[in-house]
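Chemist: My questions will all concern the structure given below.
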Amino acid sequence: MSYSILIVDDEKHMCISLSKLLNLHGFETSFETGAKSALERLRNQSFDLVITDLKMPGMSGLSFIEKIKSMKLPVPIIMISGYASTENVVEAMRCGALNFYSKPVRMAELISEIRKILNIKKAHGIDNKRIVTENKKVQDLISMAKKAGPTEASVIITGESGTGKELFAAHIHKNSKRKDKPYVKINCAAIPENLLESELFGHVKGAFTDAREDRQGKFEAAEGGSIFLDEIGEMSMATQVKLLRVLQEREYERVGSNEIRRMDVRFIAATNRDLLERIQSGKFREDLFYRLNVVNLKIPPLRERKDDILPLARHFLQEMNLIYNKKIQRFSHEVTTAFLAHDWPGNIRELKNTIERAVIFCDEEELNLDCLPERYRSEYDRKNDSLKNVYDKVTREVILDALEKSGGSKQKAAEILGINRRTLYNKMKLLDLL
């Protein structure tokens, strides 16, 4: 399969050089020397990857990325620039770039990154947004989410980290009347408190020191669609007050502005915290909780849905095979035993990461125990020891019962057990019965 890459750089010689190098590695390339013409190209032609410069006349690389995202074009983006300051790197990643490379580019690293991104894109064909489950409780939750989807009800999804709360949020939006409108996600724990309000509401130029231009917030970006507030339990009381007003009044103001903006957005929230406990401790507003908690989905941890471990493991194996160009067909018996013995404190995320690591180090068609980290191998050994102890206990009781029935005769006891006398003698020796 040949992948197509669009190169955007105002220096034509850079476009030509990079294009030739990528062609040598089997990629199809096109280039544009301006962001505006590149956007027009993207409107009419599908590309698998965009590589863009940062500093360009007319429209900067950052503005170019934001335009691509606003157009909802599902294309991954890499930025290349001679201006690799920390501020530029952070801003590029915030806008949606997957990575940032300094000029002159280390081609080996860039090619490796491109291959990984495109393999991940190919792996997405598996439908990794599907909720994989054979567990009755989770199937019931999927049914609840599907019924809640077409309504305008706010939803809170609770559960430990790594249980798949974000998948359920996406499932609700996908089954809503807003499915063709924006679906905007924000992690309340990942953004510093002093920036969270600006991220949600947007700001006007001069609202604070670094506000160099007007900027829309997540509420504005989600207009007509859904907004997913992940880790809402980490939101400060001050921001909670403002969010409550938005929920009640369906209006907000950008930071630094008095202009009231109306909004039409569906709210979905998630947390790994016990919100009722946080209400009791004065860290979460009760009125906000009940505004959001019209529908509540509590996702069980993986240790309570053991029947999902192997189906999920097979799903992730298929995905990682595509990403890393492997052809691993199955898990060994020892690996499946180790997986079922483990409690998975990191839940589905831990399982996925474990399989990804194992696939990287596996060169056979069968993924064996040696490919797993030490802690999983140790658990397998403990599980085996435990099973052996149970087996030895049962064997000892069966032999003692046969000896009692035979009046102590080993020959007759062996006949009762259906084994020869030498086998009985060896088993009794191993079990310290002699």
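Labels for the structure tokens follow display order: chains A, B, ..., residues from 1 in each chain, ligands from 1.
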Contacts of stretch 346-362 of chain A at 8 Å or less, counting only C-alpha atoms, minus same-chain residues fewer than 4 places along, as a list in words?
Modeler: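 My reading of the contact set: Glu160, Ser161, Gly162, Thr163, Gly164, Pro301, Leu302, Arg303, Leu312, Ala313, Phe316, Leu317, Met320, Asn321, Tyr324, Lys326, Ile328, Leu367, Asn368, Cys371, Leu372 and Pro373 of chain A.
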Chemist: Write out as number ranges by chain which residues come within 12 Å of A:Ser85 when counting only C-alpha atoms, dropping same-chain ones fewer than 4 positions away.
Modeler: A: 54, 80-81, 89-92, 100-103
Chemist: Might you pull out every residue within 12 Å of stretch 135-139 of chain A, with only C-alpha atoms counted and same-chain residues fewer than 4 positions away left off, and present them as number ranges by chain?
Modeler: A: 131, 143-146, 163-165, 168, 297-312
Chemist: How about saving the chosen residues, C-alpha atoms kept, as a CSV table (one decimal), in the first residue's frame?
Modeler:
```csv
chain,number,residue,atom,x,y,z
A,131,ILE,CA,-16.2,-1.2,22.9
A,143,SER,CA,-27.3,-0.4,25.9
A,144,MET,CA,-27.9,2.4,28.4
A,145,ALA,CA,-25.4,4.6,26.5
A,146,LYS,CA,-27.2,3.9,23.3
A,163,THR,CA,-11.6,1.4,32.1
A,164,GLY,CA,-12.7,3.0,28.8
A,165,LYS,CA,-14.7,6.0,30.0
A,168,PHE,CA,-18.4,5.4,26.3
A,297,LEU,CA,-22.7,5.1,33.8
A,298,LYS,CA,-20.4,3.3,36.2
A,299,ILE,CA,-17.8,1.3,34.3
A,300,PRO,CA,-16.5,-1.8,36.2
A,301,PRO,CA,-12.7,-2.4,36.5
A,302,LEU,CA,-11.1,-5.2,34.4
A,303,ARG,CA,-10.6,-7.4,37.5
A,304,GLU,CA,-14.4,-7.5,37.8
A,305,ARG,CA,-14.9,-8.5,34.1
A,306,LYS,CA,-12.3,-11.3,33.7
A,307,ASP,CA,-14.3,-12.6,30.7
A,308,ASP,CA,-13.2,-9.6,28.8
A,309,ILE,CA,-9.5,-10.0,29.3
A,310,LEU,CA,-8.8,-12.4,26.4
A,311,PRO,CA,-11.2,-10.8,23.9
A,312,LEU,CA,-9.5,-7.5,24.6
```
Chemist: Write out as JSON, numbers by chain which residues come within 8 Å of A:Lys410 when counting only C-alpha atoms, dropping same-chain ones fewer than 6 positions away.
Modeler: {"A": [403, 421, 424, 425]}
Chemist: For N, CA and C atoms, I'd like the residues from the last selection saved as a JSON list (two decimals), in the first residue's frame.
Modeler:
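Final output, part_30.json:
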```json
[["chain", "number", "residue", "atom", "x", "y", "z"],
["A", 403, "LEU", "N", -5.41, -46.40, 50.33],
["A", 403, "LEU", "CA", -4.65, -47.20, 51.30],
["A", 403, "LEU", "C", -5.53, -47.65, 52.45],
["A", 421, "ARG", "N", 2.06, -50.56, 40.82],
["A", 421, "ARG", "CA", 2.60, -50.35, 42.17],
["A", 421, "ARG", "C", 3.78, -49.38, 42.15],
["A", 424, "LEU", "N", 2.51, -45.80, 42.02],
["A", 424, "LEU", "CA", 2.00, -45.40, 43.33],
["A", 424, "LEU", "C", 3.14, -45.10, 44.29],
["A", 425, "TYR", "N", 4.16, -45.95, 44.26],
["A", 425, "TYR", "CA", 5.31, -45.75, 45.15],
["A", 425, "TYR", "C", 5.99, -44.40, 44.86]]
```
Chemist: Neighbours of A:Asp370 within 12 Å (only C-alpha atoms; same-chain residues fewer than 4 positions away dropped), as a list of chain:residue names?
Modeler: A:Phe331, A:Ser332, A:Glu334, A:Val335, A:Ala338, A:Arg357, A:Ala358, A:Val359, A:Phe361, A:Cys362, A:Asp363, A:Glu364, A:Glu366, A:Glu374, A:Arg375, A:Tyr376, A:Arg377, A:Ser378, A:Tyr380
Chemist: Would you please extract all alpha helix (DSSP H) residues from stretch 305-390 of chain A, as assigned by DSSP on the backbone, and give them as a ChimeraX atom specification?
Modeler: /A:309-323,333-341,347-361,374-390
Chemist: If you run DSSP on the backbone here, which positions in stretch 140-344 of chain A get strand (DSSP E)? Please write them as number ranges by chain.
Modeler: A: 155-158, 183-187, 202-203, 215-216, 226-230, 251-253, 260-262, 266-271, 295-298, 330-331
Chemist: Would you work out the distance separating atom CA of A:Lys72 from atom CA of A:Pro182, expressed in Å to one decimal?
Modeler: 8.4 Å
Chemist: Could you give me, as JSON lines, every stretch 53-152 of chain A residue with an atom at most 9 Å from stretch 17-36 of chain A, plus its closest atom pair and distance in Å to one decimal, counting only C-alpha atoms, rows ordered by chain then number?
Modeler:
```
{"residue": "A:Met56", "atom": "CA", "partner": "A:Gly34", "partner_atom": "CA", "distance": 7.1}
{"residue": "A:Pro57", "atom": "CA", "partner": "A:Gly34", "partner_atom": "CA", "distance": 7.5}
{"residue": "A:Gly58", "atom": "CA", "partner": "A:Ala35", "partner_atom": "CA", "distance": 7.7}
{"residue": "A:Met59", "atom": "CA", "partner": "A:Ala35", "partner_atom": "CA", "distance": 5.9}
{"residue": "A:Ser60", "atom": "CA", "partner": "A:Ala35", "partner_atom": "CA", "distance": 7.3}
{"residue": "A:Gly61", "atom": "CA", "partner": "A:Ala35", "partner_atom": "CA", "distance": 7.2}
{"residue": "A:Ser63", "atom": "CA", "partner": "A:Ala35", "partner_atom": "CA", "distance": 8.7}
{"residue": "A:Phe64", "atom": "CA", "partner": "A:Ala35", "partner_atom": "CA", "distance": 6.0}
{"residue": "A:Met107", "atom": "CA", "partner": "A:Leu21", "partner_atom": "CA", "distance": 8.4}
{"residue": "A:Ile111", "atom": "CA", "partner": "A:Leu22", "partner_atom": "CA", "distance": 7.8}
```
Chemist: Those same residues - N, CA, C and O atoms - I'd like them written as an mmCIF file, in the first residue's frame.
Modeler:
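Result file result06.cif:
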```cif
data_model
loop_
_atom_site.group_PDB
_atom_site.id
_atom_site.type_symbol
_atom_site.label_atom_id
_atom_site.label_comp_id
_atom_site.auth_asym_id
_atom_site.auth_seq_id
_atom_site.Cartn_x
_atom_site.Cartn_y
_atom_site.Cartn_z
ATOM 1 N N MET A 56 5.614 30.802 7.764
ATOM 2 C CA MET A 56 5.286 30.960 6.347
ATOM 3 C C MET A 56 4.525 32.268 6.158
ATOM 4 O O MET A 56 3.719 32.642 7.024
ATOM 5 N N PRO A 57 4.758 32.981 5.072
ATOM 6 C CA PRO A 57 4.040 34.233 4.826
ATOM 7 C C PRO A 57 2.555 33.977 4.562
ATOM 8 O O PRO A 57 2.181 32.936 4.028
ATOM 9 N N GLY A 58 1.720 34.933 4.965
ATOM 10 C CA GLY A 58 0.288 34.814 4.703
ATOM 11 C C GLY A 58 -0.447 34.070 5.788
ATOM 12 O O GLY A 58 -1.338 34.602 6.450
ATOM 13 N N MET A 59 -0.064 32.825 6.025
ATOM 14 C CA MET A 59 -0.683 31.999 7.071
ATOM 15 C C MET A 59 0.399 31.136 7.704
ATOM 16 O O MET A 59 1.091 30.391 7.010
ATOM 17 N N SER A 60 0.542 31.237 9.008
ATOM 18 C CA SER A 60 1.581 30.463 9.703
ATOM 19 C C SER A 60 1.199 28.985 9.752
ATOM 20 O O SER A 60 0.039 28.617 9.544
ATOM 21 N N GLY A 61 2.184 28.166 10.077
ATOM 22 C CA GLY A 61 1.929 26.735 10.221
ATOM 23 C C GLY A 61 0.922 26.429 11.307
ATOM 24 O O GLY A 61 0.102 25.515 11.182
ATOM 25 N N SER A 63 -1.603 28.410 12.343
ATOM 26 C CA SER A 63 -2.936 28.751 11.829
ATOM 27 C C SER A 63 -3.396 27.710 10.811
ATOM 28 O O SER A 63 -4.580 27.352 10.745
ATOM 29 N N PHE A 64 -2.464 27.209 10.034
ATOM 30 C CA PHE A 64 -2.753 26.173 9.035
ATOM 31 C C PHE A 64 -3.288 24.911 9.711
ATOM 32 O O PHE A 64 -4.303 24.342 9.297
ATOM 33 N N MET A 107 16.740 12.612 9.082
ATOM 34 C CA MET A 107 15.817 11.876 8.226
ATOM 35 C C MET A 107 15.458 10.492 8.755
ATOM 36 O O MET A 107 14.322 10.041 8.605
ATOM 37 N N ILE A 111 11.631 9.424 9.115
ATOM 38 C CA ILE A 111 11.064 8.283 8.380
ATOM 39 C C ILE A 111 10.444 7.277 9.349
ATOM 40 O O ILE A 111 9.347 6.748 9.115
#
```
Chemist: What's the 12 Å shell around stretch 66-71 of chain A, counting only C-alpha atoms, without same-chain residues fewer than 6 positions away, as an MDAnalysis selection string?
Modeler: chainID A and resid 35:36 38:43 49:50 52 59:60 77 91:97 181:184 215:216 218 220:223
Chemist: Of the residues A:Ala341, A:Ile323, A:Leu6, A:Ala190, which is the one nearest to A:Ser112, using only C-alpha atoms?
Modeler: A:Ile323
Chemist: Calculate how many Å separate atom CA of A:Pro345 from atom CA of A:His173, rounding to one decimal.
Modeler: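 Taking atom CA of A:Pro345 as the start and atom CA of A:His173 as the end point, the length is 28.1 Å.
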Chemist: Report, in Å with one decimal, the straight-line distance from atom CA of A:Leu110 to atom CA of A:Ile5.
Modeler: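 Atom CA of A:Ile5 lies at a distance of 12.9 Å from atom CA of A:Leu110.
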Chemist: Using only C-alpha atoms for the distances, tell me which of A:Ser46, A:Phe201, A:Glu379, A:Val398 is nearest to A:Glu259.
Modeler: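 Closest to A:Glu259, using only C-alpha atoms: A:Phe201.
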